[in-house]
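Reviewing the structure listed below.
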Amino acid sequence: MILSYFTPFEVFAQFKGIATNWVVIISAVTVAMGLVYMTNAQIKMYQRNRTPLQLAYVLTTYFFFFAFLISGLAYPGDINSREYQWWFQNIYGNVGATVYAVMFFTLASSAYRTFVVSSIEAVALLLGGMLYTLRQIPLFQVYIPWIVPLGEWVLLVPNTAGGRGAVVAAALAALVVGIRTLWGKEVTLEVAS
Amino acid sequence: MYIIKTGTYLDLSLLVILIIAMYYYNKIALAGKLPPLRKIPAIEAITEGVGKSIEENKPVHYAMGASGGQLYSQLVSMTIVALAFLHYIARLCAKYGAKLIVHMPYQAESIPLIEAMVRDGYKVEGKPELFDISCLRYHGYGALTWTQSVTASYDAEGVGLNLSIGIFYSDCPISLEMAKIKGGLNVGGTGRWIMVYAFAMMCDYVFLGQEIYTAGAIISQNPYLLSGVFVEEVGKYYSYILLILGFIAAALGAGAAFFAL
């Protein structure tokens with residue numbers, strides 16, 4: 001792999017291509033191993049909780065597993081078959097979108113905890129975040145059109161300036177900590193090793 | 001015909017520097033003469049979290065990310081660190097008698113390594129009989145199935161400590177916050193800087209970016225991982241030097257020639 005990067009010889013590039021393909025194949029095949037572990041955990045969970053609801057969870061898992069497997073194997077090498085695409089678009093895609101939608105609630109919950117307005121800096125952060133978010137929502141773009149240029153200004157001027165300052169400061173701090181670590185002078189904190 | 005491709009000379013020089021640094025630091029690490037590393041508060045929080053789990057009679061959850069088992073990408077270093085943490089948490093759980101649940105990534109090729117780490121953790125503490133294979137949970141292929149199953153596990157079995165270290169994408173805002181909502185102590189970090197925000201917002205104790213590598217080396221006390229921390233610094237400084245040389249070359253009008261090396 002290293003030779004294929006640094007040398008111009010075709011043989012190394014070909015080897016890299018073959019090895020990369022095999023990595024993908026091996027990775028895909030090992031999913032069967034995951035199925036063994038999943039089955040083990042599903043059985044144990046049902047043994048611990050022998051209720052119709054738990055049984056429904058177990059059966060649902062395997063129903064969809066076999067549904068995808070059969071629709072995939074029915075047309076070998078063609079994941080664009082109508083049947084497989086139906087399952088993918090109508091089940092996997094929708095479930096995926098729903099799970100991602102949950103992220104809104106988890107982010108809102110954590111943002112509430114994190115951005116508690118307790119100082120002038122927190123107020124600035126809250127206002128900046130609100131402007132940044134609201135300017136992207138069509139409802140606000142239509143009824144409060146001035147929020148778009150204001151949000152853009154906050155993003156491009158104070159945010160960029162502050163961000164660059166933070167990055168420069170962090171880079172300088174990393175340099176200092178790195179030098180102290182390499183020289184064994186990082187003694188301001190208790191020694192861990 | 002050249003043996004080395006044009007445009008890779010600087011990369012090659014970095015590789016050579018890193019090999020030399022690795023040789024040097026491995027040698028002094030094996031002799032036990034490495035400079036000390038600073039203490040990271042989140043490491044101690046892991047032990048606290050295990051204690052909390054025992055007091056509340058809830059399990060310790062360990063996750064290395066839905067895609068955290070990669071053994072073939074540029075992110076593989078995070079998989080190695082995640083495995084070091086897994087061994088550490090397995091040891092702590094075996095030592096104190098806490099129940100451990102490991103949410104395995106969907107990259108199933110790392111499953112044998114994961115099982116070996118957990119088994120060895122229990123064995124090192126002299127309690128191999130406590131290892132239960134059903135604590136290793138595989139949730140199917142894809143981040144979405146992983147997120148659903150992990151949060152369902154938090155809900156059904158409770159969370160004392162949720163330790164999340166490794167390769168995380170948009171799976172972590174859901175899993176971390178759900179663990180928090182279910183009363184868990186969140187400790188975690190990722191080397192993927194773009195997701196550090198989620199850990200900073202949602203974790204009680206966070207490993208910021210590359211701190212996971214340092215912390216992984218400290219908890220494992222593996223001389224090769226410890227020396228890796230120093231090698232990484234050498235590589236970083238060499239990159240800074242190249243950057244400064246690039247600035248100077250660009251100012252002198254030779255930037256294109258310099259970066260074509």
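So you can find residues: chains in the structure tokens are A, B, ... in the order shown, residues in each start at 1, and ligands are numbered from 1 in order.
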
Stretch 27-193 of chain A: which residues are helix (DSSP H, G or I) by DSSP, as a ChimeraX atom specification? /A:27-29,31-48,52-73,82-114,120-134,138-143,147-156,158-182

Residues near A:Phe68, cut-off 10 Å, only C-alpha atoms, skip fewer than 3 positions along chain, as a PyMOL selection string: chain A and resi 62-65+71-74+83-85+87-88+92

Determine which residues of chain B sit within 8 Å of chain A, taking into account only C-alpha atoms, and present them as JSON, numbers by chain. {"B": [2, 3, 4, 5, 8, 12, 35, 36, 37, 38, 39, 72, 106, 107, 108, 109, 111, 134, 135, 136, 137, 138, 139, 140, 141, 144, 147, 148, 173, 174, 177, 178, 201, 202, 218, 221, 230, 233]}

Output C-alpha atoms for every residue in the selection just made, as an mmCIF file, in the first residue's frame.
```cif
data_model
loop_
_atom_site.group_PDB
_atom_site.id
_atom_site.type_symbol
_atom_site.label_atom_id
_atom_site.label_comp_id
_atom_site.auth_asym_id
_atom_site.auth_seq_id
_atom_site.Cartn_x
_atom_site.Cartn_y
_atom_site.Cartn_z
ATOM 1 C CA TYR B 2 11.999 8.048 -11.115
ATOM 2 C CA ILE B 3 11.546 5.537 -8.273
ATOM 3 C CA ILE B 4 9.561 8.017 -6.178
ATOM 4 C CA LYS B 5 6.474 9.713 -7.571
ATOM 5 C CA THR B 8 5.216 12.787 -2.757
ATOM 6 C CA LEU B 12 7.974 10.599 2.179
ATOM 7 C CA PRO B 35 8.590 11.746 30.012
ATOM 8 C CA PRO B 36 5.386 11.750 32.117
ATOM 9 C CA LEU B 37 1.995 12.525 30.594
ATOM 10 C CA ARG B 38 -0.494 14.819 32.242
ATOM 11 C CA LYS B 39 -3.526 13.546 34.091
ATOM 12 C CA TYR B 72 -8.946 -0.566 7.012
ATOM 13 C CA TYR B 106 -21.723 -2.674 12.433
ATOM 14 C CA GLN B 107 -18.268 -3.287 10.906
ATOM 15 C CA ALA B 108 -18.358 -6.910 11.933
ATOM 16 C CA GLU B 109 -14.723 -7.648 11.040
ATOM 17 C CA ILE B 111 -15.965 -8.567 16.417
ATOM 18 C CA SER B 134 -24.701 -12.043 25.432
ATOM 19 C CA CYS B 135 -23.216 -8.791 26.740
ATOM 20 C CA LEU B 136 -21.780 -8.315 23.249
ATOM 21 C CA ARG B 137 -24.601 -6.812 21.203
ATOM 22 C CA TYR B 138 -24.586 -6.660 17.432
ATOM 23 C CA HIS B 139 -27.338 -4.455 16.050
ATOM 24 C CA GLY B 140 -27.245 -5.113 12.332
ATOM 25 C CA TYR B 141 -25.744 -3.151 9.503
ATOM 26 C CA LEU B 144 -29.776 3.806 12.011
ATOM 27 C CA THR B 147 -28.922 3.928 17.110
ATOM 28 C CA GLN B 148 -32.385 2.433 17.564
ATOM 29 C CA PRO B 173 -26.152 12.949 19.268
ATOM 30 C CA ILE B 174 -28.955 10.437 19.688
ATOM 31 C CA GLU B 177 -28.405 12.292 24.818
ATOM 32 C CA MET B 178 -30.669 9.289 25.314
ATOM 33 C CA MET B 201 -22.502 19.224 24.782
ATOM 34 C CA MET B 202 -23.732 15.860 25.941
ATOM 35 C CA ILE B 218 -2.337 6.066 29.723
ATOM 36 C CA GLN B 221 0.190 1.562 29.852
ATOM 37 C CA PHE B 230 5.309 11.428 21.393
ATOM 38 C CA GLU B 233 3.912 15.284 18.418
#
```

Report as a PyMOL selection string all protein, DNA and RNA residues lying within 10 Å of B:Phe259, evaluated on only C-alpha atoms, omitting residues in the same chain fewer than 5 positions from it. chain B and resi 7-10+242-243+245-246+249-250+254

Just write the chosen residues, C-alpha atoms, as a PDB file, in the first residue's frame.
```pdb
ATOM      1  CA  GLY B   7       4.630  15.279  -5.567  1.00  0.00           C
ATOM      2  CA  THR B   8       5.216  12.787  -2.757  1.00  0.00           C
ATOM      3  CA  TYR B   9       8.704  13.843  -1.606  1.00  0.00           C
ATOM      4  CA  LEU B  10       7.401  15.860   1.347  1.00  0.00           C
ATOM      5  CA  LEU B 242       6.705  22.395   6.379  1.00  0.00           C
ATOM      6  CA  LEU B 243       3.896  24.885   6.715  1.00  0.00           C
ATOM      7  CA  LEU B 245       8.633  26.763   4.821  1.00  0.00           C
ATOM      8  CA  GLY B 246       5.632  26.810   2.507  1.00  0.00           C
ATOM      9  CA  ALA B 249       8.390  29.815  -0.366  1.00  0.00           C
ATOM     10  CA  ALA B 250       5.041  31.357  -1.316  1.00  0.00           C
ATOM     11  CA  ALA B 254       8.176  29.685  -5.194  1.00  0.00           C
TER      12      ALA B 254
END
```

Filtered DSSP result for stretch 47-164 of chain B, state strand (DSSP E), as a list in words: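 The strand (DSSP E) subset of stretch 47-164 of chain B is Val60, His61, Tyr62, Ala63, Leu100, Ile101, Val102, His103, Leu136, Arg137, Leu161, Asn162, Leu163 and Ser164 of chain B.
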
Residues just named, written with N, CA and C atoms as a PDB file, in the first residue's frame:
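Dumped everything to selection_35.pdb:
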```pdb
ATOM      1  N   VAL B  60     -23.178  -0.960  32.880  1.00  0.00           N
ATOM      2  CA  VAL B  60     -22.237  -0.045  32.219  1.00  0.00           C
ATOM      3  C   VAL B  60     -22.348  -0.327  30.724  1.00  0.00           C
ATOM      4  N   HIS B  61     -22.571   0.723  29.953  1.00  0.00           N
ATOM      5  CA  HIS B  61     -22.655   0.547  28.500  1.00  0.00           C
ATOM      6  C   HIS B  61     -21.362   1.043  27.855  1.00  0.00           C
ATOM      7  N   TYR B  62     -20.867   0.281  26.900  1.00  0.00           N
ATOM      8  CA  TYR B  62     -19.689   0.726  26.166  1.00  0.00           C
ATOM      9  C   TYR B  62     -20.006   0.723  24.674  1.00  0.00           C
ATOM     10  N   ALA B  63     -19.730   1.842  24.018  1.00  0.00           N
ATOM     11  CA  ALA B  63     -19.974   1.932  22.566  1.00  0.00           C
ATOM     12  C   ALA B  63     -18.751   2.534  21.899  1.00  0.00           C
ATOM     13  N   LEU B 100     -21.561  -5.363  32.312  1.00  0.00           N
ATOM     14  CA  LEU B 100     -21.082  -4.622  31.132  1.00  0.00           C
ATOM     15  C   LEU B 100     -21.892  -5.014  29.904  1.00  0.00           C
ATOM     16  N   ILE B 101     -22.313  -4.012  29.149  1.00  0.00           N
ATOM     17  CA  ILE B 101     -22.966  -4.256  27.853  1.00  0.00           C
ATOM     18  C   ILE B 101     -22.139  -3.545  26.784  1.00  0.00           C
ATOM     19  N   VAL B 102     -21.714  -4.271  25.786  1.00  0.00           N
ATOM     20  CA  VAL B 102     -20.888  -3.691  24.718  1.00  0.00           C
ATOM     21  C   VAL B 102     -21.718  -3.598  23.443  1.00  0.00           C
ATOM     22  N   HIS B 103     -21.913  -2.385  22.973  1.00  0.00           N
ATOM     23  CA  HIS B 103     -22.651  -2.197  21.723  1.00  0.00           C
ATOM     24  C   HIS B 103     -21.639  -2.219  20.579  1.00  0.00           C
ATOM     25  N   LEU B 136     -22.270  -8.891  24.509  1.00  0.00           N
ATOM     26  CA  LEU B 136     -21.780  -8.315  23.249  1.00  0.00           C
ATOM     27  C   LEU B 136     -22.955  -8.215  22.291  1.00  0.00           C
ATOM     28  N   ARG B 137     -23.387  -7.013  22.011  1.00  0.00           N
ATOM     29  CA  ARG B 137     -24.601  -6.812  21.203  1.00  0.00           C
ATOM     30  C   ARG B 137     -24.244  -6.351  19.805  1.00  0.00           C
ATOM     31  N   LEU B 161     -23.295   3.981  33.663  1.00  0.00           N
ATOM     32  CA  LEU B 161     -22.239   4.712  32.957  1.00  0.00           C
ATOM     33  C   LEU B 161     -22.347   4.406  31.473  1.00  0.00           C
ATOM     34  N   ASN B 162     -22.237   5.438  30.663  1.00  0.00           N
ATOM     35  CA  ASN B 162     -22.179   5.230  29.216  1.00  0.00           C
ATOM     36  C   ASN B 162     -20.826   5.733  28.740  1.00  0.00           C
ATOM     37  N   LEU B 163     -19.955   4.811  28.414  1.00  0.00           N
ATOM     38  CA  LEU B 163     -18.626   5.180  27.922  1.00  0.00           C
ATOM     39  C   LEU B 163     -18.623   5.022  26.403  1.00  0.00           C
ATOM     40  N   SER B 164     -18.414   6.126  25.711  1.00  0.00           N
ATOM     41  CA  SER B 164     -18.453   6.111  24.242  1.00  0.00           C
ATOM     42  C   SER B 164     -17.140   6.663  23.694  1.00  0.00           C
TER      43      SER B 164
END
```
